[in-house]
Each structure stands twice: as structure tokens, then as C-alpha cells.
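Data from target00.txt: compact mmCIF, C-alpha atoms and all ligand atoms
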```txt
# COMPACT_ATOMS: atom_id res chain seq x y z
CA MET W 1194 -25.48 14.57 74.60
CA GLY W 1195 -25.45 15.88 71.00
CA SER W 1196 -27.69 18.62 69.68
CA VAL W 1197 -31.35 17.77 69.21
CA LEU W 1198 -30.87 18.65 65.55
CA ASP W 1199 -28.52 15.66 65.20
CA SER W 1200 -31.41 13.35 66.14
CA PHE W 1201 -33.15 14.34 62.88
CA ARG W 1202 -30.22 13.14 60.74
CA LEU W 1203 -30.40 9.88 58.82
CA ASP W 1204 -26.68 9.36 58.14
CA GLY W 1205 -25.82 5.79 57.17
CA LYS W 1206 -29.46 4.69 56.99
CA VAL W 1207 -30.85 2.88 53.94
CA ALA W 1208 -34.36 4.01 53.05
CA LEU W 1209 -36.73 2.26 50.65
CA VAL W 1210 -39.40 4.60 49.27
CA THR W 1211 -41.91 2.81 47.05
CA GLY W 1212 -43.26 4.66 44.01
CA ALA W 1213 -40.65 7.42 44.22
CA THR W 1214 -40.34 8.20 40.50
CA TYR W 1215 -42.27 11.47 40.94
CA GLY W 1216 -44.76 13.21 43.22
CA ILE W 1217 -44.80 12.74 46.97
CA GLY W 1218 -42.46 9.73 46.98
CA MET W 1219 -39.78 11.68 45.14
CA ALA W 1220 -39.93 14.62 47.58
CA ILE W 1221 -39.68 12.24 50.54
CA ALA W 1222 -36.72 10.37 49.01
CA GLU W 1223 -34.95 13.68 48.31
CA ALA W 1224 -35.56 14.81 51.89
CA PHE W 1225 -34.09 11.57 53.24
CA GLY W 1226 -31.09 11.99 50.95
CA GLN W 1227 -30.54 15.56 52.20
CA ALA W 1228 -30.66 14.21 55.76
CA GLY W 1229 -27.88 11.73 54.93
CA ALA W 1230 -29.73 8.51 53.98
CA ARG W 1231 -28.99 6.28 51.01
CA ILE W 1232 -32.05 5.88 48.80
CA ALA W 1233 -33.62 2.79 47.27
CA PHE W 1234 -36.84 3.25 45.32
CA ASN W 1235 -39.01 1.34 42.90
CA ALA W 1236 -41.89 1.71 40.46
CA ARG W 1237 -43.35 -0.29 37.58
CA HIS W 1238 -42.13 1.73 34.59
CA ALA W 1239 -38.45 1.23 33.74
CA ASP W 1240 -38.11 4.54 31.85
CA LYS W 1241 -39.46 6.52 34.83
CA VAL W 1242 -37.18 4.62 37.22
CA ALA W 1243 -34.14 5.45 35.07
CA GLN W 1244 -35.13 9.15 34.84
CA ALA W 1245 -35.69 9.40 38.58
CA GLU W 1246 -32.37 7.70 39.35
CA GLU W 1247 -30.61 10.21 37.12
CA HIS W 1248 -32.48 13.05 38.89
CA TYR W 1249 -31.42 11.87 42.37
CA ARG W 1250 -27.83 11.37 41.28
CA SER W 1251 -27.76 14.85 39.71
CA LEU W 1252 -28.54 16.14 43.20
CA GLY W 1253 -25.53 14.23 44.51
CA LEU W 1254 -27.65 11.61 46.29
CA ASP W 1255 -26.73 7.94 46.63
CA ALA W 1256 -29.80 6.39 44.95
CA HIS W 1257 -30.65 3.08 43.30
CA GLY W 1258 -33.90 2.55 41.37
CA TYR W 1259 -35.54 -0.83 40.81
CA VAL W 1260 -38.37 -1.94 38.57
CA ALA W 1261 -40.79 -3.80 40.84
CA ASP W 1262 -44.54 -4.00 41.33
CA VAL W 1263 -45.40 -3.73 45.02
CA THR W 1264 -48.44 -5.99 44.67
CA ASP W 1265 -46.29 -8.95 43.59
CA GLU W 1266 -44.79 -10.79 46.58
CA ALA W 1267 -42.06 -12.48 44.50
CA GLN W 1268 -40.98 -9.15 42.93
CA VAL W 1269 -40.92 -7.53 46.37
CA ALA W 1270 -38.75 -10.35 47.78
CA GLU W 1271 -36.35 -9.86 44.86
CA LEU W 1272 -36.41 -6.08 45.42
CA VAL W 1273 -35.38 -6.44 49.06
CA ALA W 1274 -32.69 -9.02 48.13
CA ASN W 1275 -31.31 -6.63 45.47
CA ILE W 1276 -31.22 -3.78 47.98
CA LYS W 1277 -29.26 -5.97 50.42
CA ALA W 1278 -26.80 -6.86 47.65
CA ASP W 1279 -26.37 -3.29 46.38
CA PHE W 1280 -26.28 -1.47 49.73
CA GLY W 1281 -24.77 -4.25 51.85
CA THR W 1282 -27.76 -4.11 54.20
CA ALA W 1283 -31.58 -4.23 54.19
CA PRO W 1284 -33.68 -1.06 54.58
CA ASP W 1285 -33.66 0.65 57.99
CA ILE W 1286 -36.54 2.87 56.80
CA LEU W 1287 -39.51 1.94 54.62
CA VAL W 1288 -42.04 4.36 53.16
CA ASN W 1289 -45.10 2.69 51.67
CA ASN W 1290 -45.90 5.48 49.24
CA ALA W 1291 -46.86 3.80 45.92
CA GLY W 1292 -50.56 4.26 45.38
CA ILE W 1293 -53.32 4.83 42.87
CA ILE W 1294 -56.82 6.28 42.91
CA LYS W 1295 -59.89 5.70 40.75
CA ARG W 1296 -62.57 8.37 40.86
CA VAL W 1297 -65.73 6.49 39.90
CA PRO W 1298 -69.19 6.57 41.57
CA MET W 1299 -69.56 3.45 43.70
CA LEU W 1300 -72.39 1.92 41.68
CA GLU W 1301 -70.30 2.26 38.52
CA THR W 1302 -67.16 0.81 40.13
CA SER W 1303 -66.46 -2.75 39.01
CA VAL W 1304 -65.28 -5.35 41.49
CA GLU W 1305 -62.03 -5.56 39.48
CA GLU W 1306 -61.43 -1.81 39.87
CA PHE W 1307 -62.18 -1.97 43.59
CA ARG W 1308 -59.79 -4.90 44.02
CA GLU W 1309 -57.02 -3.18 42.04
CA VAL W 1310 -57.08 -0.13 44.33
CA ILE W 1311 -57.15 -2.28 47.47
CA ASP W 1312 -54.32 -4.38 46.07
CA ILE W 1313 -51.96 -1.45 45.45
CA ASP W 1314 -52.99 0.87 48.31
CA LEU W 1315 -53.54 -1.66 51.12
CA ASN W 1316 -52.32 -5.19 50.29
CA ALA W 1317 -48.98 -3.91 48.96
CA PRO W 1318 -47.98 -2.05 52.17
CA PHE W 1319 -48.64 -5.35 53.98
CA ILE W 1320 -46.48 -7.25 51.44
CA VAL W 1321 -43.57 -4.76 51.50
CA SER W 1322 -43.66 -4.33 55.28
CA LYS W 1323 -43.66 -8.11 55.75
CA ALA W 1324 -40.60 -8.34 53.50
CA CYS W 1325 -38.69 -5.62 55.41
CA ILE W 1326 -39.60 -6.26 59.06
CA PRO W 1327 -37.47 -9.40 59.69
CA ALA W 1328 -34.22 -7.52 58.91
CA MET W 1329 -35.40 -4.58 61.03
CA ILE W 1330 -35.93 -6.97 63.95
CA GLU W 1331 -32.41 -8.37 63.42
CA LYS W 1332 -30.93 -4.85 63.31
CA GLY W 1333 -32.80 -3.86 66.47
CA HIS W 1334 -34.46 -0.81 64.87
CA GLY W 1335 -36.79 0.13 62.04
CA LYS W 1336 -39.05 2.93 60.80
CA ILE W 1337 -42.10 2.36 58.63
CA ILE W 1338 -44.14 5.27 57.26
CA ASN W 1339 -47.41 4.52 55.50
CA ILE W 1340 -48.77 7.24 53.23
CA CYS W 1341 -52.40 7.54 54.27
CA SER W 1342 -54.87 10.25 53.18
CA MET W 1343 -57.71 12.57 54.16
CA MET W 1344 -59.68 9.53 53.04
CA SER W 1345 -58.29 7.59 56.04
CA GLU W 1346 -60.80 9.74 57.98
CA LEU W 1347 -63.34 11.13 55.53
CA GLY W 1348 -65.54 9.81 52.76
CA ARG W 1349 -66.23 11.45 49.42
CA GLU W 1350 -68.39 10.65 46.41
CA THR W 1351 -66.49 8.52 43.82
CA VAL W 1352 -63.61 7.25 45.98
CA SER W 1353 -65.11 4.20 47.77
CA ALA W 1354 -62.18 1.87 46.98
CA TYR W 1355 -59.53 4.48 47.81
CA ALA W 1356 -61.19 5.46 51.11
CA SER W 1357 -61.55 1.79 52.06
CA ALA W 1358 -57.88 1.16 51.32
CA LYS W 1359 -56.59 4.28 53.10
CA GLY W 1360 -58.82 3.65 56.14
CA GLY W 1361 -57.42 0.11 56.22
CA LEU W 1362 -53.88 1.43 55.88
CA LYS W 1363 -54.40 3.56 59.00
CA MET W 1364 -55.30 0.40 60.91
CA LEU W 1365 -52.43 -1.61 59.40
CA THR W 1366 -50.18 1.18 60.72
CA ARG W 1367 -51.57 0.81 64.23
CA ASN W 1368 -51.30 -2.96 64.02
CA ILE W 1369 -47.64 -2.95 62.94
CA CYS W 1370 -47.00 -0.56 65.84
CA SER W 1371 -48.75 -2.94 68.23
CA GLU W 1372 -46.99 -6.05 66.99
CA PHE W 1373 -43.44 -4.73 66.57
CA GLY W 1374 -43.09 -1.83 69.01
CA GLU W 1375 -41.19 -4.11 71.37
CA ALA W 1376 -38.69 -4.81 68.58
CA ASN W 1377 -37.97 -1.05 68.46
CA ILE W 1378 -39.84 -0.60 65.18
CA GLN W 1379 -41.93 2.56 64.87
CA CYS W 1380 -44.71 2.50 62.31
CA ASN W 1381 -46.51 5.77 61.68
CA GLY W 1382 -48.60 7.25 58.92
CA ILE W 1383 -48.52 10.55 57.08
CA GLY W 1384 -51.93 11.74 55.93
CA PRO W 1385 -51.32 14.33 53.22
CA GLY W 1386 -54.07 16.80 52.50
CA TYR W 1387 -54.66 17.79 48.89
CA ILE W 1388 -51.22 17.89 47.28
CA ALA W 1389 -50.43 19.10 43.76
CA THR W 1390 -49.06 15.98 41.99
CA PRO W 1391 -49.92 14.10 38.77
CA GLN W 1392 -52.46 12.08 40.82
CA THR W 1393 -54.53 15.20 41.55
CA ALA W 1394 -53.84 17.06 38.27
CA PRO W 1395 -57.34 16.30 36.86
CA LEU W 1396 -58.85 18.06 39.89
CA ARG W 1397 -56.91 21.25 39.18
CA GLU W 1398 -57.36 21.55 35.40
CA ARG W 1399 -58.30 25.06 34.28
CA GLN W 1400 -61.75 25.46 32.74
CA ALA W 1401 -62.22 26.46 29.07
CA ASP W 1402 -62.72 30.11 30.16
CA GLY W 1403 -59.49 30.03 32.23
CA SER W 1404 -61.26 29.89 35.59
CA ARG W 1405 -60.34 27.41 38.34
CA HIS W 1406 -61.78 23.90 38.33
CA PRO W 1407 -64.78 23.74 40.73
CA PHE W 1408 -62.98 21.01 42.73
CA ASP W 1409 -59.93 23.26 43.00
CA GLN W 1410 -62.15 26.04 44.45
CA PHE W 1411 -63.78 23.52 46.77
CA ILE W 1412 -60.39 22.42 48.17
CA ILE W 1413 -59.26 26.01 48.71
CA SER W 1414 -62.50 26.72 50.63
CA LYS W 1415 -61.97 23.59 52.80
CA THR W 1416 -58.32 24.30 53.61
CA PRO W 1417 -57.53 26.94 56.27
CA ALA W 1418 -54.16 27.46 54.54
CA ALA W 1419 -56.24 28.34 51.42
CA ARG W 1420 -53.90 26.54 49.06
CA TRP W 1421 -53.02 23.07 47.77
CA GLY W 1422 -50.09 21.41 49.48
CA THR W 1423 -46.86 20.71 47.64
CA PRO W 1424 -44.73 17.55 47.83
CA GLU W 1425 -42.14 19.71 49.63
CA ASP W 1426 -44.64 20.24 52.49
CA LEU W 1427 -44.18 16.55 53.33
CA MET W 1428 -40.37 16.62 53.54
CA GLY W 1429 -39.95 17.76 57.14
CA PRO W 1430 -42.70 15.51 58.56
CA ALA W 1431 -41.23 12.49 56.73
CA VAL W 1432 -37.70 13.13 58.01
CA PHE W 1433 -39.09 13.52 61.55
CA LEU W 1434 -40.91 10.16 61.39
CA ALA W 1435 -37.88 8.41 59.82
CA SER W 1436 -35.41 9.71 62.40
CA ASP W 1437 -34.46 9.15 66.03
CA ALA W 1438 -36.32 12.41 66.81
CA SER W 1439 -39.54 10.34 66.74
CA ASN W 1440 -38.36 7.22 68.59
CA PHE W 1441 -41.31 7.30 71.03
CA VAL W 1442 -43.90 8.21 68.38
CA ASN W 1443 -45.61 5.02 67.27
CA GLY W 1444 -48.95 4.17 65.65
CA HIS W 1445 -49.64 7.86 64.97
CA ILE W 1446 -51.08 9.35 61.80
CA LEU W 1447 -49.56 12.78 61.20
CA TYR W 1448 -51.97 14.73 59.01
CA VAL W 1449 -50.17 17.28 56.87
CA ASP W 1450 -53.25 18.95 55.45
CA GLY W 1451 -53.06 22.71 55.95
CA GLY W 1452 -55.77 22.24 58.60
CA ILE W 1453 -58.50 20.48 56.57
CA LEU W 1454 -59.44 18.02 59.32
CA ALA W 1455 -59.80 20.85 61.86
CA TYR W 1456 -62.12 22.93 59.74
CA ILE W 1457 -65.79 22.82 58.78
CA GLY W 1458 -65.12 24.83 55.60
CA LYS W 1459 -65.35 28.50 54.64
CA GLN W 1460 -68.58 30.07 55.85
CA PRO W 1461 -70.84 31.42 53.09
P1 LIG Y 1501 -48.42 9.73 41.88
O1 LIG Y 1501 -47.89 11.09 41.53
O2 LIG Y 1501 -49.47 9.14 41.05
O3 LIG Y 1501 -47.18 8.67 42.06
C1 LIG Y 1501 -47.44 7.35 42.41
C2 LIG Y 1501 -46.13 6.52 42.36
O4 LIG Y 1501 -46.45 5.17 42.69
C3 LIG Y 1501 -45.49 6.49 40.98
O5 LIG Y 1501 -44.08 6.45 41.15
C4 LIG Y 1501 -45.98 5.16 40.40
O6 LIG Y 1501 -45.10 4.71 39.39
C5 LIG Y 1501 -45.95 4.31 41.68
N1 LIG Y 1501 -46.79 3.11 41.63
C6 LIG Y 1501 -48.14 3.02 41.42
N2 LIG Y 1501 -48.52 1.73 41.46
C7 LIG Y 1501 -47.41 0.98 41.73
C8 LIG Y 1501 -47.17 -0.40 41.89
N3 LIG Y 1501 -48.16 -1.30 41.79
N4 LIG Y 1501 -45.92 -0.83 42.17
C9 LIG Y 1501 -44.90 0.07 42.27
N5 LIG Y 1501 -45.06 1.40 42.13
C10 LIG Y 1501 -46.31 1.85 41.85
O7 LIG Y 1501 -48.98 9.81 43.31
P2 LIG Y 1501 -48.77 10.88 44.48
O8 LIG Y 1501 -49.83 11.89 44.36
O9 LIG Y 1501 -47.33 11.30 44.59
O10 LIG Y 1501 -49.16 9.95 45.67
C11 LIG Y 1501 -48.24 9.16 46.39
C12 LIG Y 1501 -48.98 8.53 47.56
O11 LIG Y 1501 -49.56 9.57 48.34
C13 LIG Y 1501 -50.12 7.61 47.17
O12 LIG Y 1501 -50.21 6.54 48.07
C14 LIG Y 1501 -51.34 8.51 47.29
O13 LIG Y 1501 -52.52 7.79 47.50
C15 LIG Y 1501 -50.95 9.31 48.49
N6 LIG Y 1501 -51.65 10.59 48.63
C16 LIG Y 1501 -51.64 11.53 47.64
C17 LIG Y 1501 -52.26 12.75 47.86
C18 LIG Y 1501 -52.30 13.84 46.84
O14 LIG Y 1501 -53.07 14.80 47.04
N7 LIG Y 1501 -51.52 13.78 45.77
C19 LIG Y 1501 -52.88 12.99 49.06
C20 LIG Y 1501 -52.89 12.00 50.04
C21 LIG Y 1501 -52.26 10.81 49.81
P3 LIG Y 1501 -45.54 3.60 38.28
O15 LIG Y 1501 -46.90 3.97 37.79
O16 LIG Y 1501 -44.44 3.67 37.25
O17 LIG Y 1501 -45.50 2.28 38.98
C1 LIG Y 1502 -59.59 12.82 45.71
C2 LIG Y 1502 -58.13 13.04 45.93
C3 LIG Y 1502 -57.69 12.58 47.30
C4 LIG Y 1502 -56.24 12.93 47.55
C5 LIG Y 1502 -55.72 12.63 48.88
C6 LIG Y 1502 -56.38 13.39 49.97
O1 LIG Y 1502 -59.97 12.46 44.61
O2 LIG Y 1502 -60.35 13.09 46.66
O3 LIG Y 1502 -57.34 12.47 44.94
O4 LIG Y 1502 -58.03 11.29 47.57
O5 LIG Y 1502 -55.43 12.36 46.58
O6 LIG Y 1502 -55.61 11.26 49.14
O7 LIG Y 1502 -55.69 13.22 51.15
```

Rewrite the structure from the file as C-alpha cells, please.
Ligand code: NAP
Ligand code: GCO
Amino acid sequence: MGSVLDSFRLDGKVALVTGATYGIGMAIAEAFGQAGARIAFNARHADKVAQAEEHYRSLGLDAHGYVADVTDEAQVAELVANIKADFGTAPDILVNNAGIIKRVPMLETSVEEFREVIDIDLNAPFIVSKACIPAMIEKGHGKIINICSMMSELGRETVSAYASAKGGLKMLTRNICSEFGEANIQCNGIGPGYIATPQTAPLRERQADGSRHPFDQFIISKTPAARWGTPEDLMGPAVFLASDASNFVNGHILYVDGGILAYIGKQP
């Protein structure tokens, strides 16, 4: 038997990480590359895809970027077909990472805005998973990681659509586990806490007098680690859930939140 450390390696695996042009997706794709995987990724903006591809290649990683919108079933089918053509095989690992948020009080949220968030954050993981699972069944193995959220468990003013989508994504994760566990496919979620990325930049903006944003202070007081997470904090957990080290972990949401869900908040 080899070393347990070998079971964390991803050599020879093809990983598709959606929305990996920056932020959390990029850190996860880099981690997979370091562990030996070949990286496919997509996003909607061609310039960002080209920049990210250059970035990965400058790190010596085998990476191909594609322009594709995860909400469009035809574009996703083409994406998976292009990956098969370019890599010679379909993805062994899928990370449903692409996502958006709208911070609007519920009564001011239009039905169109609500639908857009549900479409990208919940319907798209269904579409991309559906496109990848048949080849995983054929190969006899597969790993799917859905990027969930604190909002898979908690509510907050202004994020009704996002919380609905991320709560739904938790249950899609459990359902994929239920339906395809027998085919040796493990589907788990990662629930990041508050992570410093462009998505959360407005919540960390300095005030005119240089002091911290009130939301920034709020997050620090709610996080036992007393800091925001970084995309790098998600690298190890993602490699674990993509690798043979987690072959009997299925339908689990791994919260990587510096302890937020365990904590009532800093006492006054
Ligand atoms: P981000 O910095 O805003 O990056 C989002 C990525 O998704 C970008 O590459 C974006 O590129 C892509 N994307 C968005 N819509 C897409 C679509 N329809 N089709 C294809 N690609 C699309 O976000 P992040 O903070 O890294 O978040 C990544 C994931 O983690 C999201 O699911 C988010 O909800 C989740 N999350 C974030 C945090 C946090 O604190 N940051 C915490 C928990 C969970 P284009 O715009 O070019 O398409
Ligand atoms: C917000 C934040 C969150 C985080 C993350 C928490 O406005 O509350 O953007 O939703 O992005 O998903 O886990």
C-alpha cells in the first residue's frame, strides 16, 4: 500500500472548474494543478478567460480556458465536447463554482433578479453536472464539488435569492450523492465562510475616515478566527474532496468558515 499522502494526488485527472477566472475558482484550479490534475475552466468574458489561462500556464500548469455560460445547456454541452477533444477525455472532477450574488432587500428584488441568481447559482450546477455525469459513470469514478455558502444554512437581510439558491445547492449535492453513489461518484459541497474576493469587496470597502466597513467589523466579530478567509484557505479542502482520500465521503457539506457556524458571535 502506498503512502496516505499519495491518495491526495490528482495525477492524470481532468478537472473542470467553472468560473475559475479569479477568486475562489482560481485558487481551487491552482490547487488541483499543484496536485497533478489538468485544468479546464470557463467563464463568460473572453478577456478574463485569456488572462487566467496565461496565469495558469505561467505557473507551469496544463490549463485550457473556454468561454461558456453555465446557464446555457447548449453552451455547456459544447464545453464538455471541447474538453473531450482537447484533453482526450471528459472531466473526472467537476467543481460547480461559478456564482453571483445580488444584495437587495427582498421587497425591492424583482422577479427577474431572483430568477437570474437561481439560474446561475442553482440551475447551472444541475446543467453542468448533468452534462458531466454520463462520462463519469462510463469511467467508473467521478467527483463533484458544489460551492455552497454560509447561506446554505443561514439567512441574512438582502440575500433572499442567493440563500434560496445556496440552500437548494446543498440539497442538489445530497441528491446527486443519493442517485450516483452506486456509480462511484462522490458529490460533496464546500461552504466557504466570508472570503476576500471581488464578490465580497463591497463589504470590505474602507470608510471615508479610513475605518473598517461596519459589515467587515460584523464578520470579524462573528468569526472565531477573527479574520476573513482567503481563496487559499479553500485549496486543501478542495483537493481532499477531489481526491481518493475522500472516496467514502459523500453528500457532505464541508464548511470552511473559520468557525462561523459554531459560534454565536463575540459577546459584548
Ligand atoms: P467571483 O470572484 O465573483 O467569481 C465568480 C466567477 O464566476 C467568475 O469567474 C465569473 O466570471 C464566473 N461566472 C459568473 N457567472 C457565470 C456564468 N453564468 N457562466 C460562467 N461563469 C460565470 O466569486 P467568488 O467570490 O470567487 O465566488 C465563487 C463561488 O463561491 C460562488 O459560487 C460564490 O457564491 C461562492 N462563495 C463565495 C464566498 C465569498 O465570500 N467570496 C463565500 C461563499 C461562497 P464571468 O463573470 O466572466 O462569467
Ligand atoms: C453576503 C456575502 C455572502 C458570502 C458567502 C458566505 O452578502 O452575505 O456575499 O453571501 O459571499 O456566500 O458564505

Which value, in Å to one decimal, gives the distance between atom O15 of ligand LIG 1501 (chain Y) and CA of Ile1383 (chain W)?
20.4 Å

The residue from W:Asp1437, W:Glu1350, W:Glu1375, W:Asp1402 with the smallest atom-to-atom distance to ligand LIG 1502 (chain Y), counting only C-alpha atoms and all ligand atoms, is W:Glu1350

Radius query 12 Å about (-31.6, 3.5, 46.7), atoms used: all atoms listed in the file, as a ChimeraX atom specification:
/W:1206-1211,1213-1214,1219,1222-1223,1225-1226,1230-1235,1242,1245-1247,1249-1250,1254-1260,1272-1273,1275-1287

Store the residues picked out above in a file with C-alpha atoms, as a CSV table (one decimal), keeping the file's coordinate frame.
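Final file, result-v8.csv:
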```
chain,number,residue,atom,x,y,z
W,1206,LYS,CA,-29.5,4.7,57.0
W,1207,VAL,CA,-30.8,2.9,53.9
W,1208,ALA,CA,-34.4,4.0,53.0
W,1209,LEU,CA,-36.7,2.3,50.6
W,1210,VAL,CA,-39.4,4.6,49.3
W,1211,THR,CA,-41.9,2.8,47.0
W,1213,ALA,CA,-40.6,7.4,44.2
W,1214,THR,CA,-40.3,8.2,40.5
W,1219,MET,CA,-39.8,11.7,45.1
W,1222,ALA,CA,-36.7,10.4,49.0
W,1223,GLU,CA,-35.0,13.7,48.3
W,1225,PHE,CA,-34.1,11.6,53.2
W,1226,GLY,CA,-31.1,12.0,51.0
W,1230,ALA,CA,-29.7,8.5,54.0
W,1231,ARG,CA,-29.0,6.3,51.0
W,1232,ILE,CA,-32.0,5.9,48.8
W,1233,ALA,CA,-33.6,2.8,47.3
W,1234,PHE,CA,-36.8,3.2,45.3
W,1235,ASN,CA,-39.0,1.3,42.9
W,1242,VAL,CA,-37.2,4.6,37.2
W,1245,ALA,CA,-35.7,9.4,38.6
W,1246,GLU,CA,-32.4,7.7,39.4
W,1247,GLU,CA,-30.6,10.2,37.1
W,1249,TYR,CA,-31.4,11.9,42.4
W,1250,ARG,CA,-27.8,11.4,41.3
W,1254,LEU,CA,-27.6,11.6,46.3
W,1255,ASP,CA,-26.7,7.9,46.6
W,1256,ALA,CA,-29.8,6.4,45.0
W,1257,HIS,CA,-30.6,3.1,43.3
W,1258,GLY,CA,-33.9,2.6,41.4
W,1259,TYR,CA,-35.5,-0.8,40.8
W,1260,VAL,CA,-38.4,-1.9,38.6
W,1272,LEU,CA,-36.4,-6.1,45.4
W,1273,VAL,CA,-35.4,-6.4,49.1
W,1275,ASN,CA,-31.3,-6.6,45.5
W,1276,ILE,CA,-31.2,-3.8,48.0
W,1277,LYS,CA,-29.3,-6.0,50.4
W,1278,ALA,CA,-26.8,-6.9,47.6
W,1279,ASP,CA,-26.4,-3.3,46.4
W,1280,PHE,CA,-26.3,-1.5,49.7
W,1281,GLY,CA,-24.8,-4.2,51.8
W,1282,THR,CA,-27.8,-4.1,54.2
W,1283,ALA,CA,-31.6,-4.2,54.2
W,1284,PRO,CA,-33.7,-1.1,54.6
W,1285,ASP,CA,-33.7,0.6,58.0
W,1286,ILE,CA,-36.5,2.9,56.8
W,1287,LEU,CA,-39.5,1.9,54.6
```

Selection within 8 Å of ligand LIG 1502 (chain Y) by all atoms listed in the file, output as a ChimeraX atom specification
/W:1294-1296,1341-1345,1349,1351-1352,1355-1356,1384-1388,1392-1393,1396,1450

Interatomic distance between CA of Met1364 (chain W) and CA of Arg1308 (chain W)?
18.3 Å

Spatial sel., origin (-45.0, -8.6, 42.7), limit 12 Å, only C-alpha atoms, listed as a list in words:
Asn1235, Ala1236, Arg1237, Val1260, Ala1261, Asp1262, Val1263, Thr1264, Asp1265, Glu1266, Ala1267, Gln1268, Val1269, Ala1270, Glu1271, Leu1272, Val1273, Asp1312, Ile1313, Asn1316, Ala1317, Pro1318, Ile1320, Val1321 and Ala1324 of chain W

Write a file of the just-selected residues containing C-alpha atoms, as a tab-separated table (two decimals), keeping the file's coordinate frame.
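Resulting contents of result.tsv:
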```tsv
chain	number	residue	atom	x	y	z
W	1235	ASN	CA	-39.01	1.34	42.90
W	1236	ALA	CA	-41.89	1.71	40.46
W	1237	ARG	CA	-43.35	-0.29	37.58
W	1260	VAL	CA	-38.37	-1.94	38.57
W	1261	ALA	CA	-40.79	-3.80	40.84
W	1262	ASP	CA	-44.54	-4.00	41.33
W	1263	VAL	CA	-45.40	-3.73	45.02
W	1264	THR	CA	-48.44	-5.99	44.67
W	1265	ASP	CA	-46.29	-8.95	43.59
W	1266	GLU	CA	-44.79	-10.79	46.58
W	1267	ALA	CA	-42.06	-12.48	44.50
W	1268	GLN	CA	-40.98	-9.15	42.93
W	1269	VAL	CA	-40.92	-7.53	46.37
W	1270	ALA	CA	-38.75	-10.35	47.78
W	1271	GLU	CA	-36.35	-9.86	44.86
W	1272	LEU	CA	-36.41	-6.08	45.42
W	1273	VAL	CA	-35.38	-6.44	49.06
W	1312	ASP	CA	-54.32	-4.38	46.07
W	1313	ILE	CA	-51.96	-1.45	45.45
W	1316	ASN	CA	-52.32	-5.19	50.29
W	1317	ALA	CA	-48.98	-3.91	48.96
W	1318	PRO	CA	-47.98	-2.05	52.17
W	1320	ILE	CA	-46.48	-7.25	51.44
W	1321	VAL	CA	-43.57	-4.76	51.50
W	1324	ALA	CA	-40.60	-8.34	53.50
```

Computed interatomic separation between CA of Ile1457 (chain W) and CA of His1445 (chain W) (Å):
22.9 Å

I need the residue nearest Ala1455 (chain W) from this list: W:Thr1416, W:Ser1251, W:Asn1381, W:Ser1357. Use all atoms listed in the file for the distance.
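When distances to Ala1455 (chain W) are compared using all atoms listed in the file, the smallest one comes from W:Thr1416.
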
When you count only C-alpha atoms, which of these residues is closest to Cys1370 (chain W): W:Ala1328, W:Ile1446, W:Ile1311, W:Ala1401?
W:Ile1446

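Using all atoms listed in the file for every distance, the candidate list W:Asn1339, W:Thr1390, W:Ser1200, W:Gln1410 yields W:Thr1390 as the residue closest to ligand LIG 1501 (chain Y).
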
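Ranking W:Val1310, W:Ala1389, W:Leu1203, W:Ala1274 by their shortest atom-to-atom distance to ligand LIG 1501 (chain Y), with only C-alpha atoms and all ligand atoms included, puts W:Ala1389 first.
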
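Residue nearest Ser1414 (chain W) within the list W:Gly1382, W:Gly1429, W:Lys1459, W:Ile1337: W:Lys1459 [criterion: smallest interatomic distance, all atoms listed in the file].
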
Around all of region 1308-1321 of chain W's listed atoms, make the axis-aligned box with 4 Å on each side and tell me centre and edge lengths in Å to one decimal, as AutoDock Vina command-line options.
```
--center_x -51.7 --center_y -3.2 --center_z 48.0 --size_x 24.2 --size_y 16.1 --size_z 19.9
```
